[in-house]
Structure formats: C-alpha cells, structure tokens
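Chemist: Below you'll find upload-v8.cif; it's mmCIF, C-alpha atoms and all ligand atoms.
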data_data
loop_
_atom_site.label_atom_id
_atom_site.label_comp_id
_atom_site.auth_asym_id
_atom_site.auth_seq_id
_atom_site.Cartn_x
_atom_site.Cartn_y
_atom_site.Cartn_z
CA MET A 882 103.87 107.85 93.92
CA THR A 883 100.83 109.38 95.57
CA HIS A 884 99.70 112.82 94.51
CA THR A 885 96.79 115.04 95.41
CA ARG A 886 93.85 115.22 93.04
CA SER A 887 90.22 116.13 93.21
CA HIS A 888 87.78 113.32 92.66
CA SER A 889 86.41 115.14 89.65
CA ASP A 890 89.38 114.03 87.56
CA GLY A 891 88.17 110.54 87.04
CA PHE A 892 89.33 108.23 89.77
CA GLY A 893 86.77 105.70 90.99
CA LEU A 894 86.71 102.34 92.75
CA LEU A 895 83.89 100.06 93.86
CA ARG A 896 84.11 96.48 95.04
CA LEU A 897 80.73 94.92 95.69
CA PRO A 898 78.81 91.67 96.01
CA THR A 899 78.18 90.16 92.58
CA ARG A 900 74.47 90.63 93.15
CA ILE A 901 72.47 92.94 95.40
CA HIS A 902 68.74 92.29 95.70
CA PHE A 903 66.93 95.21 97.32
CA GLY A 904 63.22 95.65 97.98
CA ASN A 905 60.27 94.65 100.13
CA GLY A 906 59.90 90.89 99.79
CA ALA A 907 63.45 90.38 98.51
CA ALA A 908 63.99 87.71 101.21
CA SER A 909 62.25 85.30 98.80
CA ALA A 910 65.41 85.51 96.69
CA ILE A 911 67.57 83.89 99.41
CA ALA A 912 66.65 80.27 98.58
CA PRO A 913 67.17 80.53 94.81
CA LEU A 914 70.44 82.40 95.30
CA ALA A 915 71.63 79.81 97.82
CA ARG A 916 70.86 76.98 95.39
CA GLU A 917 73.37 78.48 92.96
CA LEU A 918 76.12 78.12 95.55
CA GLY A 919 75.47 74.68 97.02
CA ARG A 920 73.29 72.53 99.26
CA ARG A 921 75.03 72.48 102.63
CA VAL A 922 74.34 75.75 104.37
CA PHE A 923 75.61 77.14 107.69
CA VAL A 924 73.34 79.97 108.86
CA CYS A 925 74.50 82.57 111.40
CA CYS A 926 71.31 84.07 112.77
CA ASP A 927 70.73 86.65 115.48
CA PRO A 928 69.02 84.83 118.43
CA PHE A 929 66.07 87.24 118.45
CA LEU A 930 65.49 86.97 114.71
CA ALA A 931 65.76 83.17 114.81
CA GLU A 932 62.38 83.08 116.56
CA THR A 933 60.59 85.20 113.98
CA PRO A 934 58.18 83.99 111.27
CA GLN A 935 60.33 85.71 108.60
CA PHE A 936 63.34 83.57 109.49
CA GLU A 937 61.24 80.40 109.73
CA ARG A 938 59.87 81.12 106.26
CA THR A 939 63.37 81.58 104.88
CA CYS A 940 64.51 78.26 106.39
CA GLU A 941 61.43 76.52 104.96
CA GLU A 942 62.13 77.96 101.49
CA LEU A 943 65.76 76.86 101.73
CA ARG A 944 64.79 73.31 102.73
CA ASP A 945 62.10 73.16 100.02
CA SER A 946 64.77 74.01 97.48
CA GLY A 947 66.91 71.07 98.64
CA ALA A 948 69.24 72.75 101.13
CA VAL A 949 70.36 71.15 104.38
CA LEU A 950 70.91 73.65 107.17
CA GLN A 951 72.81 74.07 110.36
CA VAL A 952 71.49 77.14 112.17
CA TRP A 953 73.89 78.84 114.60
CA THR A 954 72.26 81.43 116.88
CA GLU A 955 75.09 82.12 119.34
CA VAL A 956 75.70 85.61 117.97
CA GLU A 957 77.12 87.58 120.88
CA PRO A 958 77.12 91.39 120.95
CA GLU A 959 80.51 92.92 120.04
CA LEU A 960 81.60 89.52 118.65
CA PRO A 961 84.18 88.30 121.18
CA VAL A 962 86.87 86.36 119.28
CA ASP A 963 86.26 83.10 121.14
CA SER A 964 82.57 83.16 120.12
CA VAL A 965 83.66 83.47 116.49
CA GLN A 966 86.07 80.57 116.92
CA ARG A 967 83.29 78.36 118.39
CA ALA A 968 81.03 79.12 115.43
CA ALA A 969 83.88 78.42 113.01
CA ASP A 970 84.62 75.08 114.71
CA ALA A 971 80.97 74.06 114.38
CA ALA A 972 80.99 75.11 110.73
CA SER A 973 84.10 73.12 109.96
CA VAL A 974 82.44 69.97 111.31
CA TRP A 975 79.33 70.72 109.23
CA GLY A 976 81.28 71.42 106.05
CA PRO A 977 79.10 74.09 104.41
CA GLU A 978 79.32 75.11 100.77
CA LEU A 979 77.92 78.51 101.68
CA ILE A 980 77.25 80.62 104.74
CA ILE A 981 74.25 82.85 105.32
CA GLY A 982 74.32 85.76 107.77
CA PHE A 983 70.82 86.80 108.87
CA GLY A 984 70.51 89.60 111.44
CA GLY A 985 72.16 92.88 112.40
CA GLY A 986 75.78 93.77 111.76
CA SER A 987 76.92 91.30 114.42
CA ALA A 988 75.36 88.28 112.65
CA LEU A 989 76.66 89.43 109.26
CA ASP A 990 80.19 90.00 110.56
CA LEU A 991 80.08 86.57 112.21
CA ALA A 992 79.10 84.94 108.90
CA LYS A 993 81.99 86.68 107.12
CA LEU A 994 84.50 85.60 109.76
CA VAL A 995 83.26 82.00 109.92
CA ALA A 996 83.69 81.87 106.13
CA LEU A 997 87.20 83.28 106.52
CA LEU A 998 88.31 80.75 109.15
CA ARG A 999 86.65 77.86 107.31
CA SER A 1000 88.58 78.70 104.15
CA HIS A 1001 91.98 79.66 105.53
CA GLY A 1002 92.16 78.19 109.06
CA GLY A 1003 94.40 79.70 111.73
CA ARG A 1004 93.27 82.24 114.29
CA LEU A 1005 91.41 85.50 113.74
CA SER A 1006 94.43 87.48 114.92
CA ASP A 1007 96.33 86.18 111.87
CA TYR A 1008 94.07 88.42 109.77
CA TYR A 1009 93.80 91.64 111.85
CA GLY A 1010 94.33 94.82 109.89
CA GLU A 1011 94.20 95.31 106.16
CA ASN A 1012 94.71 92.92 103.28
CA ALA A 1013 95.89 89.99 105.43
CA VAL A 1014 93.31 87.55 104.02
CA PRO A 1015 95.21 85.45 101.47
CA GLY A 1016 92.41 84.58 99.04
CA PRO A 1017 88.71 83.98 98.38
CA ILE A 1018 86.52 82.66 101.20
CA THR A 1019 83.49 80.38 101.31
CA PRO A 1020 80.67 82.39 99.69
CA VAL A 1021 78.43 84.40 102.01
CA ILE A 1022 74.86 85.57 101.50
CA ALA A 1023 74.26 88.56 103.78
CA VAL A 1024 70.72 89.44 104.88
CA PRO A 1025 70.60 92.53 107.14
CA THR A 1026 67.76 93.11 109.61
CA THR A 1027 69.01 96.49 110.82
CA ALA A 1028 69.53 99.57 108.67
CA GLY A 1029 72.96 100.79 109.56
CA THR A 1030 76.18 98.88 109.32
CA GLY A 1031 76.20 98.20 105.58
CA SER A 1032 78.10 95.01 106.44
CA GLU A 1033 76.11 93.20 103.72
CA VAL A 1034 78.31 94.92 101.13
CA THR A 1035 81.51 95.93 102.95
CA PRO A 1036 85.00 94.37 103.05
CA VAL A 1037 85.27 94.58 106.85
CA ALA A 1038 84.23 92.72 110.00
CA VAL A 1039 84.81 93.93 113.56
CA VAL A 1040 85.54 91.82 116.66
CA SER A 1041 86.45 92.36 120.28
CA ASP A 1042 89.60 90.70 121.50
CA PRO A 1043 90.10 90.53 125.29
CA GLY A 1044 93.85 90.96 124.65
CA ARG A 1045 93.28 94.41 123.18
CA ASP A 1046 91.63 97.54 124.53
CA LEU A 1047 89.99 98.61 121.31
CA LYS A 1048 87.76 96.62 118.96
CA VAL A 1049 89.70 95.37 116.00
CA GLY A 1050 88.86 95.18 112.32
CA ILE A 1051 89.65 92.62 109.65
CA SER A 1052 89.50 94.30 106.26
CA SER A 1053 89.94 92.64 102.91
CA PRO A 1054 88.06 92.65 99.60
CA HIS A 1055 87.77 88.87 100.07
CA LEU A 1056 85.34 89.50 102.96
CA ILE A 1057 82.74 91.13 100.71
CA PRO A 1058 79.66 88.87 100.71
CA ARG A 1059 78.98 87.11 97.40
CA PHE A 1060 75.31 88.13 97.44
CA ALA A 1061 73.45 90.75 99.50
CA VAL A 1062 69.71 90.46 100.02
CA VAL A 1063 68.27 93.63 101.52
CA ASP A 1064 64.60 93.26 102.37
CA PRO A 1065 63.52 96.39 104.27
CA THR A 1066 60.54 94.60 105.82
CA LEU A 1067 63.03 92.60 107.92
CA THR A 1068 64.06 95.84 109.67
CA HIS A 1069 60.56 97.02 110.47
CA GLY A 1070 60.44 95.52 113.98
CA ALA A 1071 63.77 96.90 115.21
CA PRO A 1072 63.52 98.84 118.51
CA ALA A 1073 63.91 102.63 118.43
CA ALA A 1074 67.39 102.63 120.01
CA VAL A 1075 68.72 100.15 117.43
CA THR A 1076 67.05 102.14 114.63
CA ALA A 1077 68.64 105.35 115.95
CA HIS A 1078 72.15 104.06 116.58
CA ALA A 1079 72.41 101.93 113.46
CA GLY A 1080 70.71 104.60 111.33
CA VAL A 1081 72.90 107.49 112.41
CA ASP A 1082 75.99 105.34 111.87
CA ALA A 1083 74.88 104.87 108.26
CA PHE A 1084 74.58 108.66 108.00
CA VAL A 1085 78.14 108.98 109.32
CA HIS A 1086 79.36 106.36 106.84
CA ALA A 1087 77.86 108.35 103.96
CA ILE A 1088 79.21 111.73 105.08
CA GLU A 1089 82.66 110.45 106.03
CA SER A 1090 83.08 108.60 102.74
CA TYR A 1091 82.11 111.86 101.00
CA THR A 1092 84.69 113.88 102.95
CA ALA A 1093 87.40 111.19 102.99
CA ALA A 1094 90.99 111.84 101.94
CA VAL A 1095 91.67 112.66 98.31
CA ARG A 1096 94.46 110.42 97.04
CA ALA A 1097 95.40 108.70 93.86
CA PRO A 1098 96.20 105.07 94.47
CA GLU A 1099 98.87 103.36 92.49
CA TRP A 1100 97.04 100.88 90.28
CA THR A 1101 99.01 97.98 91.63
CA ASP A 1102 97.91 94.42 92.34
CA GLN A 1103 97.02 95.19 95.88
CA LEU A 1104 95.28 98.50 96.46
CA PRO A 1105 94.64 99.62 100.01
CA VAL A 1106 91.24 98.36 101.18
CA PHE A 1107 90.02 101.94 101.70
CA VAL A 1108 91.17 104.32 98.99
CA GLY A 1109 89.53 107.61 100.04
CA GLN A 1110 86.85 109.63 98.32
CA ASN A 1111 86.24 108.93 94.65
CA ARG A 1112 83.65 109.54 91.98
CA LEU A 1113 81.86 106.21 92.18
CA ALA A 1114 81.62 106.17 95.97
CA GLY A 1115 80.67 109.86 95.90
CA LEU A 1116 77.65 109.21 93.73
CA LEU A 1117 76.36 106.60 96.16
CA ALA A 1118 77.16 108.77 99.18
CA GLU A 1119 75.16 111.70 97.79
CA GLU A 1120 72.05 109.56 97.41
CA ALA A 1121 72.60 107.99 100.84
CA ILE A 1122 72.97 111.41 102.53
CA THR A 1123 69.80 112.70 100.87
CA VAL A 1124 67.69 109.66 101.71
CA ILE A 1125 68.93 109.20 105.28
CA ALA A 1126 68.54 112.90 106.15
CA ALA A 1127 64.94 112.79 104.96
CA ASN A 1128 63.98 109.62 106.82
CA LEU A 1129 66.11 108.97 109.91
CA VAL A 1130 64.11 111.06 112.39
CA ARG A 1131 60.78 109.64 111.17
CA ALA A 1132 62.08 106.06 111.31
CA VAL A 1133 63.19 106.55 114.93
CA THR A 1134 60.25 108.54 116.27
CA ASP A 1135 57.40 106.66 114.56
CA PRO A 1136 57.83 102.89 114.75
CA ASP A 1137 54.84 102.45 112.40
CA ASP A 1138 56.39 104.50 109.61
CA ASP A 1139 57.30 101.57 107.40
CA ALA A 1140 58.04 103.84 104.44
CA ALA A 1141 60.75 105.66 106.42
CA ARG A 1142 62.27 102.33 107.52
CA THR A 1143 62.31 101.11 103.94
CA GLU A 1144 64.14 104.28 102.91
CA MET A 1145 66.64 103.79 105.75
CA ALA A 1146 67.39 100.25 104.54
CA TYR A 1147 68.07 101.72 101.09
CA GLY A 1148 70.18 104.58 102.46
CA SER A 1149 72.31 102.36 104.69
CA LEU A 1150 72.91 99.94 101.82
CA LEU A 1151 74.18 102.81 99.64
CA ALA A 1152 76.27 104.20 102.50
CA GLY A 1153 77.88 100.77 102.93
CA MET A 1154 78.63 100.60 99.20
CA ALA A 1155 80.27 104.04 99.43
CA PHE A 1156 82.36 103.55 102.57
CA GLY A 1157 83.36 100.04 101.50
CA SER A 1158 85.70 101.68 99.01
CA ALA A 1159 86.24 105.22 100.36
CA GLY A 1160 86.50 104.34 104.06
CA THR A 1161 85.45 106.42 107.05
CA HIS A 1162 87.53 108.77 109.20
CA LEU A 1163 87.70 110.83 112.37
CA SER A 1164 84.29 110.13 113.99
CA HIS A 1165 85.18 106.46 113.74
CA ALA A 1166 88.75 106.87 114.97
CA ILE A 1167 87.62 108.87 118.01
CA GLN A 1168 84.65 106.58 118.71
CA TYR A 1169 86.85 103.50 119.18
CA PRO A 1170 88.47 104.67 122.46
CA ILE A 1171 85.22 106.27 123.62
CA GLY A 1172 83.30 103.02 123.00
CA ALA A 1173 85.95 101.09 124.95
CA LEU A 1174 85.79 103.57 127.85
CA THR A 1175 82.03 104.12 128.11
CA LYS A 1176 80.65 100.85 126.65
CA THR A 1177 78.18 102.91 124.65
CA PRO A 1178 76.92 101.82 121.20
CA HIS A 1179 79.08 102.53 118.17
CA GLY A 1180 76.48 104.69 116.38
CA LEU A 1181 75.79 106.77 119.47
CA GLY A 1182 79.45 107.75 119.53
CA THR A 1183 79.95 108.32 115.82
CA GLY A 1184 76.68 110.32 115.62
CA LEU A 1185 77.62 112.51 118.58
CA LEU A 1186 81.07 113.20 117.14
CA LEU A 1187 80.18 113.84 113.49
CA PRO A 1188 79.15 117.56 113.72
CA HIS A 1189 82.31 118.31 115.72
CA VAL A 1190 84.51 116.47 113.24
CA LEU A 1191 82.98 118.39 110.35
CA ARG A 1192 83.42 121.71 112.10
CA GLY A 1193 86.98 120.81 113.13
CA CYS A 1194 87.89 120.03 109.51
CA ARG A 1195 86.50 123.16 107.96
CA PRO A 1196 87.56 124.97 105.78
CA ASP A 1197 89.41 122.09 104.07
CA ILE A 1198 86.17 120.22 103.42
CA ASP A 1199 84.14 123.35 102.68
CA PRO A 1200 83.27 122.43 99.05
CA ALA A 1201 81.99 118.99 100.08
CA LEU A 1202 80.02 120.54 102.95
CA ARG A 1203 78.43 123.04 100.58
CA ARG A 1204 77.36 120.20 98.30
CA ILE A 1205 75.96 118.37 101.34
CA GLY A 1206 74.10 121.59 102.23
CA THR A 1207 72.49 121.56 98.80
CA LEU A 1208 71.47 117.90 99.24
CA LEU A 1209 69.95 118.73 102.62
CA GLY A 1210 67.99 121.71 101.24
CA VAL A 1211 69.94 124.27 103.29
CA SER A 1212 68.90 127.77 102.23
CA GLU A 1213 72.09 129.72 103.04
CA THR A 1214 74.50 130.44 100.20
CA GLY A 1215 78.28 130.40 99.83
CA SER A 1216 80.32 129.35 102.82
CA ASP A 1217 77.28 129.79 105.07
CA ARG A 1218 75.81 126.83 103.28
CA ALA A 1219 78.60 124.65 104.72
CA LEU A 1220 77.81 125.87 108.22
CA GLY A 1221 74.11 125.38 107.55
CA ALA A 1222 74.84 121.77 106.55
CA ILE A 1223 76.66 121.11 109.83
CA ARG A 1224 73.81 122.70 111.81
CA ARG A 1225 71.25 120.58 110.00
CA ILE A 1226 73.27 117.42 110.71
CA GLU A 1227 73.56 118.46 114.36
CA GLN A 1228 69.77 118.90 114.51
CA ILE A 1229 69.10 115.44 113.06
CA VAL A 1230 71.47 113.87 115.58
CA ALA A 1231 69.72 115.72 118.45
CA ASP A 1232 66.24 114.84 117.18
CA ILE A 1233 66.93 111.11 117.41
CA GLY A 1234 68.02 111.43 121.03
CA ILE A 1235 71.81 111.21 120.75
CA PRO A 1236 73.35 112.85 123.88
CA ALA A 1237 74.76 116.31 123.32
CA SER A 1238 78.19 115.80 124.88
CA LEU A 1239 80.83 113.22 125.76
CA ALA A 1240 80.53 114.46 129.36
CA GLU A 1241 76.97 113.04 129.38
CA LEU A 1242 78.42 109.63 128.53
CA GLY A 1243 80.55 109.75 131.67
CA VAL A 1244 83.79 110.81 129.99
CA ARG A 1245 85.89 112.95 132.36
CA ALA A 1246 88.08 115.92 131.42
CA GLU A 1247 91.18 113.96 132.44
CA ASP A 1248 90.27 111.18 129.95
CA LEU A 1249 90.48 113.49 126.95
CA PRO A 1250 94.26 113.40 126.24
CA ASP A 1251 94.25 109.61 126.26
CA ILE A 1252 91.19 109.47 123.96
CA SER A 1253 92.92 111.83 121.51
CA ALA A 1254 96.17 109.87 121.59
CA ARG A 1255 94.46 106.54 120.97
CA ALA A 1256 92.31 107.97 118.17
CA ALA A 1257 95.43 109.41 116.54
CA GLY A 1258 97.00 105.95 116.75
CA ILE A 1259 94.36 104.48 114.45
CA SER A 1260 96.08 105.96 111.43
CA ARG A 1261 94.00 104.08 108.82
CA LEU A 1262 90.97 106.10 110.02
CA ALA A 1263 92.55 109.24 111.46
CA GLY A 1264 94.49 109.89 108.26
CA ASN A 1265 91.59 109.27 105.91
CA VAL A 1266 90.00 112.73 105.99
CA ALA A 1267 90.34 115.40 103.31
CA ALA A 1268 91.92 117.84 105.74
CA ALA A 1269 95.54 118.80 106.27
CA ARG A 1270 97.23 117.56 109.49
CA PRO A 1271 94.19 115.66 110.80
CA ILE A 1272 96.00 114.39 113.89
CA GLU A 1273 96.50 117.95 115.13
CA ARG A 1274 92.77 118.57 114.91
CA ILE A 1275 91.75 115.66 117.11
CA PRO A 1276 92.23 117.28 120.57
CA GLY A 1277 90.12 120.30 119.58
CA ILE A 1278 87.37 118.07 118.19
CA VAL A 1279 87.37 115.87 121.31
CA THR A 1280 87.20 118.88 123.64
CA ALA A 1281 84.32 120.46 121.69
CA ALA A 1282 82.44 117.14 121.72
CA TRP A 1283 83.09 116.74 125.44
CA ARG A 1284 81.63 120.18 126.17
CA GLY A 1285 78.80 119.71 123.66
CA ASP A 1286 79.58 122.99 121.89
CA HIS A 1287 76.94 124.08 119.44
CA ILE A 1288 77.88 124.81 115.88
N1 LIG A 1301 81.21 95.11 108.89
C1 LIG A 1301 80.89 96.38 108.84
O1 LIG A 1301 81.01 97.00 107.80
C2 LIG A 1301 80.39 97.04 110.08
C3 LIG A 1301 80.12 98.41 110.08
C4 LIG A 1301 79.62 98.98 111.25
C5 LIG A 1301 79.41 98.20 112.39
N2 LIG A 1301 79.70 96.85 112.35
C6 LIG A 1301 79.46 95.97 113.52
O2 LIG A 1301 78.09 95.64 113.55
C7 LIG A 1301 77.70 95.42 114.90
C8 LIG A 1301 76.47 96.23 115.21
O3 LIG A 1301 75.46 95.87 114.33
P1 LIG A 1301 73.95 96.37 114.52
O4 LIG A 1301 73.93 97.79 114.89
O5 LIG A 1301 73.22 95.96 113.30
O6 LIG A 1301 73.46 95.60 115.81
P2 LIG A 1301 73.48 94.05 116.26
O7 LIG A 1301 73.61 93.15 115.12
O8 LIG A 1301 74.49 93.93 117.33
O9 LIG A 1301 72.02 93.93 116.86
C9 LIG A 1301 71.61 94.80 117.92
C10 LIG A 1301 70.33 94.29 118.56
O10 LIG A 1301 69.25 94.48 117.63
C11 LIG A 1301 68.47 93.31 117.57
N3 LIG A 1301 67.85 93.26 116.23
C12 LIG A 1301 68.47 93.19 115.04
N4 LIG A 1301 67.55 93.26 114.04
C13 LIG A 1301 66.34 93.36 114.62
C14 LIG A 1301 65.01 93.46 114.10
N5 LIG A 1301 64.75 93.49 112.80
N6 LIG A 1301 64.00 93.52 115.01
C15 LIG A 1301 64.24 93.52 116.35
N7 LIG A 1301 65.48 93.44 116.88
C16 LIG A 1301 66.52 93.36 116.03
C17 LIG A 1301 69.43 92.18 117.85
O11 LIG A 1301 68.74 91.06 118.37
C18 LIG A 1301 70.35 92.81 118.88
O12 LIG A 1301 69.81 92.65 120.17
C19 LIG A 1301 78.88 95.78 115.76
O13 LIG A 1301 79.53 94.57 116.16
C20 LIG A 1301 79.77 96.61 114.84
O14 LIG A 1301 81.13 96.48 115.19
C21 LIG A 1301 80.17 96.28 111.21
FE FE A 1302 80.25 102.90 111.72
#
Would you mind giving the structure from this file in structure tokens?
Modeler:
Amino acid sequence: MTHTRSHSDGFGLLRLPTRIHFGNGAASAIAPLARELGRRVFVCCDPFLAETPQFERTCEELRDSGAVLQVWTEVEPELPVDSVQRAADAASVWGPELIIGFGGGSALDLAKLVALLRSHGGRLSDYYGENAVPGPITPVIAVPTTAGTGSEVTPVAVVSDPGRDLKVGISSPHLIPRFAVVDPTLTHGAPAAVTAHAGVDAFVHAIESYTAAVRAPEWTDQLPVFVGQNRLAGLLAEEAITVIAANLVRAVTDPDDDAARTEMAYGSLLAGMAFGSAGTHLSHAIQYPIGALTKTPHGLGTGLLLPHVLRGCRPDIDPALRRIGTLLGVSETGSDRALGAIRRIEQIVADIGIPASLAELGVRAEDLPDISARAAGISRLAGNVAAARPIERIPGIVTAAWRGDHI
C-alpha cells in the first residue's frame, strides 16, 4: 500500500556506480579502473572528442596498462535506434569485457545501451520503459565531457525510434555505470550553447528531484526505478542547486572561467545522483512533445519550462520552494521566499540566453492542446511531482510558457 509521507520521516534510496572519481585530472584513473574489469575494451567516443589530446592520452594509458581497444566514434545526436544496433553488432564481434563511454550524454547513453544489447541480446524495443532489463550488463565506465545529463550515474538511457513520435527511455538500475570518472577539465572546451543547454538541464534535474512526488515505496524486490523525493536524494539536490545557481551563468558567459566549469561538472554529477533515484517531472514531460515538434535541444525546453512548472505547482511545493529560496540567498521571507526563488530561477534561465516563450520556438497556439495531452500521457514523469492532480495543471503551465508570462 502506498501512503503519503514527508521525506523527513526517514525514507531514502540511492543507487549509484560502485565508484565515482571526481576532480581535475581524474581521467588518469580510467586505465587503472579498466584494468580491474578486463583487457578487451570497446570505447564509445564522441567524434569530436576522439580527435582531442585528452582522449589520445586516455587511449595511450589504457594500452600501456595492457588493454586492447576498439574505438567506436559513430555517436549520432539523439541516438537513433539503428545507430545503437550497429554499435552493438560491432561490439559483439569484438567481444569486450568492459565498455567505456567518453563524451556527452549521447556517448554515455550509447555505451550503456551497447552493454545492454551485448549482455541480453534482442532489440532495444524489448527494453523500453521501466525495469525491463532482466539482469546485470557488461560493466561500463562513464566519462562525461559535458556538465549536464548526469548519465554517468543514472539508470536511464534515451533513444529516438523512427516508429515513435517521442524519444523513448530505457530505465533500469542495471544500466547504472559500474564506475564514473568525472574530470571537469574534459568539459572546459565545450561551446557556450552546449554549456548552457546541458547546464540548465542539470539545474532542472536537481530542482525536479527536490520537488518530486512524496511516496512511500513498498520495500519489495523490484522498486520502481524512480521513487520520488527522499532524504538521500534531497541532500544531493540541495548541494547541486546551490552550486549550479552560483556557477551556471559564469560558465556560459565566460568560456575562460575554468573554476565555474569545474563547479558545473560537480553540480551536474550531484544532480544526476539525485534524479537517478527521485526522478524528474513536469518540465521533462512537457519538453518531450515540444522537442519532437520544434527539434530544439532538451535543456533549452526543460530550462524554459521550469519556472512555469514551479509556479503552476504552487502552493503544494511551497515548503520546498522556500528551502530553495534559502539556498539561492533570496532575501524575502515566508511565502514570498518561494516566489523569490522562482524569480531567481527565471533570471538565471534568461541570463544564459534561453528563449522567453514557447512561441519563440515556433510553437503555435493551436499546438498547445496536443502538447498538453501528450505530456499528460507520459505518466511516469507527469505524475512524479509533489502536487495534487498534476495532469490538470499541465494546460495552464503550457499556456503560460507559450506566452512567456513573467513570474
Ligand atoms: N541518461 C541520462 O540520464 C540522460 C539525461 C539527460 C539527457 N540524456 C541524453 O543525453 C543526450 C544529450 O547529451 P549532451 O547534452 O551531453 O550532448 P551530446 O552528447 O549530444 O553532445 C552535444 C555536442 O557537444 C559536443 N561536445 C561534447 N563534449 C564536448 C567538449 N568537452 N568540448 C567540445 N564539444 C563537446 C559533442 O561533440 C556534440 O556535438 C541526449 O541524447 C539526451 O537524451 C541522457
Ligand atoms: Fe533532462
């Protein structure tokens, strides 16, 4: 039986890689970690990163430690399913003992899915949805070069399937990489748009995991992949919100601000750890149909929507918003602190150049009912907010985001 509780009464859940190495220079840990898992390595590397000295150094260190590598650089944006299948076919010929993902979220998700298909065979569509992966997969070492998706620690990978309108997720604790190596210096060269879209998505991950539904799972063999807000995820989300709010604008506007980029790598890692158990909610549900319609980046959509989602869910999430206000240094008190928090979030989103309205993305007024209906259909996300009757709130949120209403 599920009953309502506040996360202060002791419920917590985290599922994580068995080791997380974070820090400037941490990429040197890849070779020794790989040696623990085997010699034959299949590396999924972003095509841009594959040409960089950092990646060459990593390959050299792997070879020096006795590894034999096959490097796969056909990482296509949005991960079309057939591109994943091709990579998995190549991997099955190679017969790796471990798989390394080196790049942005696309390369990391590819590594996770290649490991899945190598271990369990079949087609990706056999595993769509939650908890459809039958058991452990070939171990993955995830090395992110963007600060945003948190894929290096999360139980999910996202693909596009030409047979479906919306991108589709595969979620299972078995997809969590065995080791995560987060070296912020690898993110330092990312272009401003990638830094902005990936970075704001990490901010959304942190805030949505902190305002996710409050439920008590049954402690059965198979918990849902995303269990809603909880004490352990909340702790990580608070630190992620604080760090990202203080550094996102600097990381985007000053490409030479390495300190801000390092902080963003830290914040997005923590946000991934938080949402990997708590899950995300309405900004993500509404972004899926908008991304499909406008072909705009994921983080652009979730960042644009977040202030409207938070306003649309007040007052149910008022206590969490007040705590966020405190983390963000908002000076107002009482319920005004919650509004101040939303305004501050709205300002950060504007300062990194996210458009102010869905209309600016080319969405038309007549598209709105369909967007709302499709978002409502993604119940895993739409139902995961700590607000009563979330589905009923979606049309109002979508309309406000379309007009670009200010908070
Ligand atoms: N698994 C998860 O938990 C999760 C969460 C959110 C998003 N995602 C998925 O992640 C993908 C998006 O990931 P992303 O935002 O990291 O982008 P990406 O991996 O698609 O990369 C975007 C661009 O940035 C470039 N790039 C990456 N790192 C760079 C660097 N250090 N310097 C210069 N250029 C660099 C790449 O070459 C590419 O052109 C989407 O497919 C999305 O669905 C997954
Ligand atoms: Fe996201």
Chemist: Compile the contact shell of range 1006-1009 of chain A as a VMD selection string: residues with an atom at most 9 Å away, counting all atoms listed in the file, same-chain residues fewer than 5 positions apart removed.
Modeler: chain A and resid 962 1014 to 1015 1042 1049 to 1052
Chemist: Please find the residues contacting ligand LIG 1301 (chain A) at a distance of at most 8 Å between atoms, with all atoms listed in the file counted, and report them as a ChimeraX atom specification.
Modeler: /A:927-930,957-960,984-990,1025-1040,1048,1067-1072,1075,1078-1079,1082,1153,1157,1179-1180
Chemist: Which polymer residues, whether protein, DNA or RNA, lie within 12 Å of the coordinate (65.7, 116.6, 117.1) when you count all atoms listed in the file? List them as a VMD selection string, using the chain letters and numbers from the file.
Modeler: chain A and resid 1077 1126 1129 to 1131 1133 to 1134 1224 to 1237
Chemist: I'd like the neighbourhood of Ile1275 in chain A as a ChimeraX atom specification, where a residue qualifies if any of its atoms comes within 7 Å (using all atoms listed in the file), though same-chain residues fewer than 4 positions away should be ignored.
Modeler: /A:1253,1271,1279
Chemist: Counting all atoms listed in the file, which residue out of A:Ala908, A:Ala948, A:Leu1191, A:Leu918 sits closest to Gln935 in chain A?
Modeler: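 For Gln935 in chain A, the nearest of the candidates is A:Ala908.
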Chemist: Tell me, as a VMD selection string, which residues lie within 12 Å of Leu1151 in chain A, counting only C-alpha atoms; anything in the same chain fewer than 5 positions away does not count.
Modeler: chain A and resid 895 897 901 903 1028 to 1035 1063 1083 to 1084 1086 to 1088 1090 1113 to 1125 1144 to 1146 1156 to 1158
Chemist: Point out the residue among A:Arg1255, A:Pro961, A:Ala969, A:Thr1143 with the least atom-to-atom distance to Gly1003 in chain A, counting all atoms listed in the file.
Modeler: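 Among the listed residues, the smallest separation from Gly1003 in chain A belongs to A:Ala969.
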Chemist: Between A:Thr933, A:Thr1214, A:Thr1066, A:Ser973, which one has atoms that come closest to Asp1139 in chain A, using all atoms listed in the file?
Modeler: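 For Asp1139 in chain A, the nearest of the candidates is A:Thr1066.
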Chemist: With all atoms listed in the file as the basis for distance, which of A:Val949, A:Val1095, A:Ala1246, A:Ala1155 is at the shortest distance from Ala1268 in chain A?
Modeler: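 Nearest candidate to Ala1268 in chain A out of A:Val949, A:Val1095, A:Ala1246, A:Ala1155: A:Val1095.
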Chemist: Taking all atoms listed in the file into account, name the residue in A:Ala1267, A:Leu1181, A:Ala1281, A:Ala1140 that is nearest to Leu1242 in chain A.
Modeler: A:Leu1181
Chemist: Using all atoms listed in the file, find the one residue out of A:Glu955, A:Glu937, A:Glu917, A:Glu1011 that sits nearest to Phe1107 in chain A.
Modeler: A:Glu1011
Chemist: If you measure from CA of Asn1128 in chain A to CA of Arg1112 in chain A, what distance in Å do you get, rounded to one decimal?
Modeler: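 Straight-line distance from CA of Asn1128 in chain A to CA of Arg1112 in chain A works out to 24.6 Å.
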Chemist: CA of Ser1149 in chain A to CA of Thr1183 in chain A: how many Å, to one decimal?
Modeler: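 Going from CA of Ser1149 in chain A over to CA of Thr1183 in chain A, I get 14.8 Å.
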Chemist: So what do you get for CA of Ile1259 in chain A versus CA of His1001 in chain A, distance-wise?
Modeler: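 According to the coordinates, CA of Ile1259 in chain A and CA of His1001 in chain A are separated by 26.5 Å.
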Chemist: Using all atoms listed in the file, which protein or nucleic acid residues come within 12 Å of Ala968 in chain A? Drop anything in the same chain fewer than 4 positions from it, and give the result as number ranges by chain.
Modeler: A: 923-926, 951-957, 960-964, 972-975, 980, 988, 990-999
Chemist: When you look at range 1195-1205 of chain A with a cut-off of 7 Å (counting all atoms listed in the file), what residues show up, excluding the ones that are within fewer than 6 positions of it in the same chain? I need them as a count of residues only.
Modeler: 7
